[in-house]
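A.B. asks: Before we start, here is the structure in question, set down as structure tokens.
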Amino acid sequence: MRSAGTKITLFWIPSHMPPGIEGNEIADKLAAQESSSPKPSNTISNELSVDEQSTQLKKHLRARYLEELQKGNTKPNLHQRTKTGMHKWHKHKSRRITKILFSLRTGHNRLNGHLARFNSNTSRLCQDCEEEEETTEHALLNCSNKSPEREKIFQYLNKHNIRPELTNLLGLNPTLNSQTQHEITRLLIKYLQKTEFNPEKKQKKH
Ligand SMILES: [Zn+2]
């Protein structure tokens with residue numbers, strides 16, 4: 001308190017002074033009240049309204065849900081409600097595509113940016129453009145080595161005012177409607193197929 005610039009003077013008042021001394025009785029009374037009440041009476045009330053609490057909770061739950069999805073666990077994705085029930089976002093008739101989608105979403109893939117974390121001999125750089133670190137984001141969004149298929153994804157996002165971000169590309173944005181998410185996933189899979197994009201089985205360059 002002193003360091004914060006507050007000047008403190010401490011002084012002692014005998015507690016059993018004869019009645020009638022100004023302030024002493026009031027102080028005794030307040031002290032008795034304070035010790036007998038379950039909660040301190042001078043608590044500053046800053047409780048949130050029900051609406052505010054609800055908003056906070058929803059925000060928290062949404063963040064947790066996205067975290068879970070990104071870990072690639074078994075929770076079904078939002079847009080997978082089909083006639084046959086719920087499906088995982090990365091589920092595809094091709095096992096190869098299923099594996100790639102899963103690895104893209106979790107970030108545990110054989111792209112250089114991830115590999116270099118475990119092997120110091122591996123270059124972090126993208127094997128296509130050799131300009132930036134080869135992360136999932138770079139490979140899907142930023143690599144200058146553009147293919148026409150990837151351009152189609154961008155055109156679609158642009159047309160629907162959707163930001164070119166990984167969350168939107170990988171089915172992690174619950175605010176997009178299911179039709180939109182389906183279309184983005186379809187375009188992404190097409191891009192993966194046409195470019196034979198496979199971070200799981202790439203050739204090592206030396
Ligand atoms: Zn690149």
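Chain labels follow the order of the structure tokens: the first chain is A, the next B, and so on; residue numbering restarts at 1 in every chain, and ligands are counted from 1 in their shown order.
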Any chance you could tabulate, as a tab-separated table, the residues of chain A at most 8 Å from ligand 1 with each one's nearest atom pair and distance in Å to one decimal, using only C-alpha atoms and all ligand atoms, in chain and rising number order?

C.D. replies:
residue	atom	partner	partner_atom_place_in_ligand_line	distance
A:Leu125	CA	ligand 1	1 (Zn)	7.6
A:Cys126	CA	ligand 1	1 (Zn)	4.5
A:Gln127	CA	ligand 1	1 (Zn)	6.5
A:Asp128	CA	ligand 1	1 (Zn)	4.9
A:Cys129	CA	ligand 1	1 (Zn)	4.0
A:Glu130	CA	ligand 1	1 (Zn)	5.9
A:Glu131	CA	ligand 1	1 (Zn)	6.2
A:Glu132	CA	ligand 1	1 (Zn)	6.1
A:Glu133	CA	ligand 1	1 (Zn)	7.6
A:Glu134	CA	ligand 1	1 (Zn)	6.3
A:His138	CA	ligand 1	1 (Zn)	6.3
A:Ala139	CA	ligand 1	1 (Zn)	6.0
A:Asn142	CA	ligand 1	1 (Zn)	7.0
A:Cys143	CA	ligand 1	1 (Zn)	3.7
A:Ser144	CA	ligand 1	1 (Zn)	5.7
A:Asn145	CA	ligand 1	1 (Zn)	6.0

A.B. asks: Which polymer residues have any atom within 8 Å of an atom of Leu115 (chain A), counting only C-alpha atoms, with same-chain residues fewer than 6 positions away left out, as a PyMOL selection string?

C.D. replies: chain A and resi 109+122+124

A.B. asks: List every residue of region 90-205 of chain A that DSSP, applied to the backbone, labels as alpha helix (DSSP H), and write the result as an MDAnalysis selection string.

C.D. replies: chainID A and resid 95:106 112:115 136:137 148:159 166:169 178:194

A.B. asks: Kindly save the residues from that selection, with N, CA and C atoms included, as a compact mmCIF listing (two decimals), in the first residue's frame.

C.D. replies:
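Everything below was put into result-v2.txt:
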# COMPACT_ATOMS: atom_id res chain seq x y z
N ARG A 95 -10.44 -44.15 -48.15
CA ARG A 95 -9.71 -44.16 -46.89
C ARG A 95 -8.58 -43.13 -46.89
N ARG A 96 -7.99 -42.96 -48.09
CA ARG A 96 -6.89 -42.02 -48.23
C ARG A 96 -7.36 -40.61 -47.89
N ILE A 97 -8.51 -40.23 -48.49
CA ILE A 97 -9.06 -38.89 -48.25
C ILE A 97 -9.43 -38.73 -46.78
N THR A 98 -10.04 -39.76 -46.22
CA THR A 98 -10.41 -39.72 -44.80
C THR A 98 -9.19 -39.41 -43.94
N LYS A 99 -8.09 -40.12 -44.23
CA LYS A 99 -6.87 -39.93 -43.45
C LYS A 99 -6.30 -38.52 -43.63
N ILE A 100 -6.34 -38.05 -44.88
CA ILE A 100 -5.78 -36.71 -45.14
C ILE A 100 -6.61 -35.65 -44.42
N LEU A 101 -7.92 -35.74 -44.55
CA LEU A 101 -8.79 -34.75 -43.91
C LEU A 101 -8.55 -34.74 -42.40
N PHE A 102 -8.46 -35.94 -41.84
CA PHE A 102 -8.23 -36.05 -40.40
C PHE A 102 -6.91 -35.38 -40.01
N SER A 103 -5.87 -35.66 -40.79
CA SER A 103 -4.55 -35.12 -40.45
C SER A 103 -4.50 -33.60 -40.65
N LEU A 104 -5.25 -33.11 -41.63
CA LEU A 104 -5.27 -31.66 -41.84
C LEU A 104 -5.94 -30.97 -40.66
N ARG A 105 -7.01 -31.58 -40.20
CA ARG A 105 -7.76 -30.95 -39.12
C ARG A 105 -6.99 -30.96 -37.81
N THR A 106 -6.32 -32.07 -37.53
CA THR A 106 -5.60 -32.15 -36.26
C THR A 106 -4.23 -31.48 -36.34
N ASN A 112 6.09 -30.36 -43.71
CA ASN A 112 7.41 -30.04 -43.14
C ASN A 112 7.35 -29.25 -41.84
N GLY A 113 6.40 -28.32 -41.77
CA GLY A 113 6.30 -27.49 -40.58
C GLY A 113 6.10 -28.32 -39.32
N HIS A 114 5.38 -29.44 -39.48
CA HIS A 114 5.12 -30.32 -38.34
C HIS A 114 6.30 -31.28 -38.13
N LEU A 115 6.80 -31.83 -39.23
CA LEU A 115 7.91 -32.79 -39.14
C LEU A 115 9.15 -32.18 -38.51
N THR A 136 -0.24 -26.44 -42.26
CA THR A 136 -1.52 -26.76 -42.88
C THR A 136 -2.11 -25.51 -43.54
N GLU A 137 -2.01 -24.42 -42.80
CA GLU A 137 -2.53 -23.16 -43.30
C GLU A 137 -1.84 -22.74 -44.59
N PRO A 148 -5.54 -24.58 -60.12
CA PRO A 148 -6.89 -24.11 -60.47
C PRO A 148 -7.94 -24.61 -59.48
N GLU A 149 -7.71 -25.81 -58.95
CA GLU A 149 -8.69 -26.38 -57.99
C GLU A 149 -8.74 -25.58 -56.71
N ARG A 150 -7.58 -25.11 -56.30
CA ARG A 150 -7.57 -24.31 -55.07
C ARG A 150 -8.24 -22.97 -55.32
N GLU A 151 -8.04 -22.45 -56.51
CA GLU A 151 -8.69 -21.19 -56.87
C GLU A 151 -10.21 -21.31 -56.77
N LYS A 152 -10.71 -22.49 -57.10
CA LYS A 152 -12.17 -22.70 -57.03
C LYS A 152 -12.67 -22.58 -55.59
N ILE A 153 -11.87 -23.06 -54.66
CA ILE A 153 -12.25 -22.92 -53.24
C ILE A 153 -12.32 -21.43 -52.89
N PHE A 154 -11.29 -20.70 -53.30
CA PHE A 154 -11.23 -19.27 -52.99
C PHE A 154 -12.40 -18.51 -53.62
N GLN A 155 -12.70 -18.87 -54.86
CA GLN A 155 -13.82 -18.20 -55.55
C GLN A 155 -15.12 -18.42 -54.78
N TYR A 156 -15.31 -19.65 -54.33
CA TYR A 156 -16.54 -19.96 -53.60
C TYR A 156 -16.61 -19.16 -52.29
N LEU A 157 -15.51 -19.16 -51.55
CA LEU A 157 -15.47 -18.44 -50.28
C LEU A 157 -15.75 -16.95 -50.50
N ASN A 158 -15.09 -16.42 -51.51
CA ASN A 158 -15.24 -15.01 -51.84
C ASN A 158 -16.69 -14.66 -52.20
N LYS A 159 -17.27 -15.51 -53.02
CA LYS A 159 -18.64 -15.28 -53.48
C LYS A 159 -19.63 -15.27 -52.32
N LEU A 166 -8.62 -21.37 -42.01
CA LEU A 166 -8.63 -22.83 -41.82
C LEU A 166 -9.92 -23.33 -41.19
N THR A 167 -10.43 -22.57 -40.20
CA THR A 167 -11.65 -23.02 -39.52
C THR A 167 -12.80 -23.18 -40.52
N ASN A 168 -12.87 -22.26 -41.50
CA ASN A 168 -13.93 -22.34 -42.49
C ASN A 168 -13.70 -23.49 -43.47
N LEU A 169 -12.43 -23.75 -43.74
CA LEU A 169 -12.09 -24.79 -44.70
C LEU A 169 -12.24 -26.19 -44.12
N SER A 178 -25.13 -25.88 -43.05
CA SER A 178 -24.63 -27.19 -43.45
C SER A 178 -24.38 -27.30 -44.95
N GLN A 179 -25.24 -26.65 -45.73
CA GLN A 179 -25.07 -26.70 -47.19
C GLN A 179 -23.74 -26.08 -47.59
N THR A 180 -23.45 -24.92 -47.00
CA THR A 180 -22.20 -24.22 -47.29
C THR A 180 -21.01 -25.08 -46.88
N GLN A 181 -21.10 -25.67 -45.68
CA GLN A 181 -19.99 -26.50 -45.20
C GLN A 181 -19.76 -27.70 -46.11
N HIS A 182 -20.86 -28.28 -46.57
CA HIS A 182 -20.76 -29.42 -47.48
C HIS A 182 -20.03 -29.03 -48.76
N GLU A 183 -20.40 -27.87 -49.29
CA GLU A 183 -19.81 -27.43 -50.54
C GLU A 183 -18.31 -27.15 -50.38
N ILE A 184 -17.96 -26.51 -49.27
CA ILE A 184 -16.54 -26.23 -49.03
C ILE A 184 -15.75 -27.54 -48.92
N THR A 185 -16.32 -28.49 -48.17
CA THR A 185 -15.63 -29.78 -48.02
C THR A 185 -15.50 -30.49 -49.37
N ARG A 186 -16.56 -30.40 -50.17
CA ARG A 186 -16.53 -31.04 -51.50
C ARG A 186 -15.41 -30.45 -52.36
N LEU A 187 -15.31 -29.11 -52.35
CA LEU A 187 -14.27 -28.44 -53.13
C LEU A 187 -12.88 -28.77 -52.60
N LEU A 188 -12.77 -28.85 -51.28
CA LEU A 188 -11.48 -29.17 -50.66
C LEU A 188 -11.04 -30.57 -51.07
N ILE A 189 -11.97 -31.52 -51.05
CA ILE A 189 -11.65 -32.90 -51.42
C ILE A 189 -11.24 -32.97 -52.89
N LYS A 190 -11.93 -32.20 -53.72
CA LYS A 190 -11.59 -32.16 -55.14
C LYS A 190 -10.16 -31.65 -55.33
N TYR A 191 -9.83 -30.62 -54.56
CA TYR A 191 -8.48 -30.06 -54.61
C TYR A 191 -7.45 -31.10 -54.19
N LEU A 192 -7.76 -31.83 -53.11
CA LEU A 192 -6.84 -32.85 -52.62
C LEU A 192 -6.63 -33.95 -53.66
N GLN A 193 -7.74 -34.32 -54.33
CA GLN A 193 -7.65 -35.39 -55.32
C GLN A 193 -6.88 -34.95 -56.57
N LYS A 194 -7.24 -33.78 -57.09
CA LYS A 194 -6.63 -33.31 -58.35
C LYS A 194 -5.14 -33.06 -58.19

A.B. asks: Can you measure CA of Leu140 (chain A) to CA of Arg110 (chain A) for me? One decimal in Å is fine.

C.D. replies: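 Result for CA of Leu140 (chain A) versus CA of Arg110 (chain A): 13.9 Å, one decimal.
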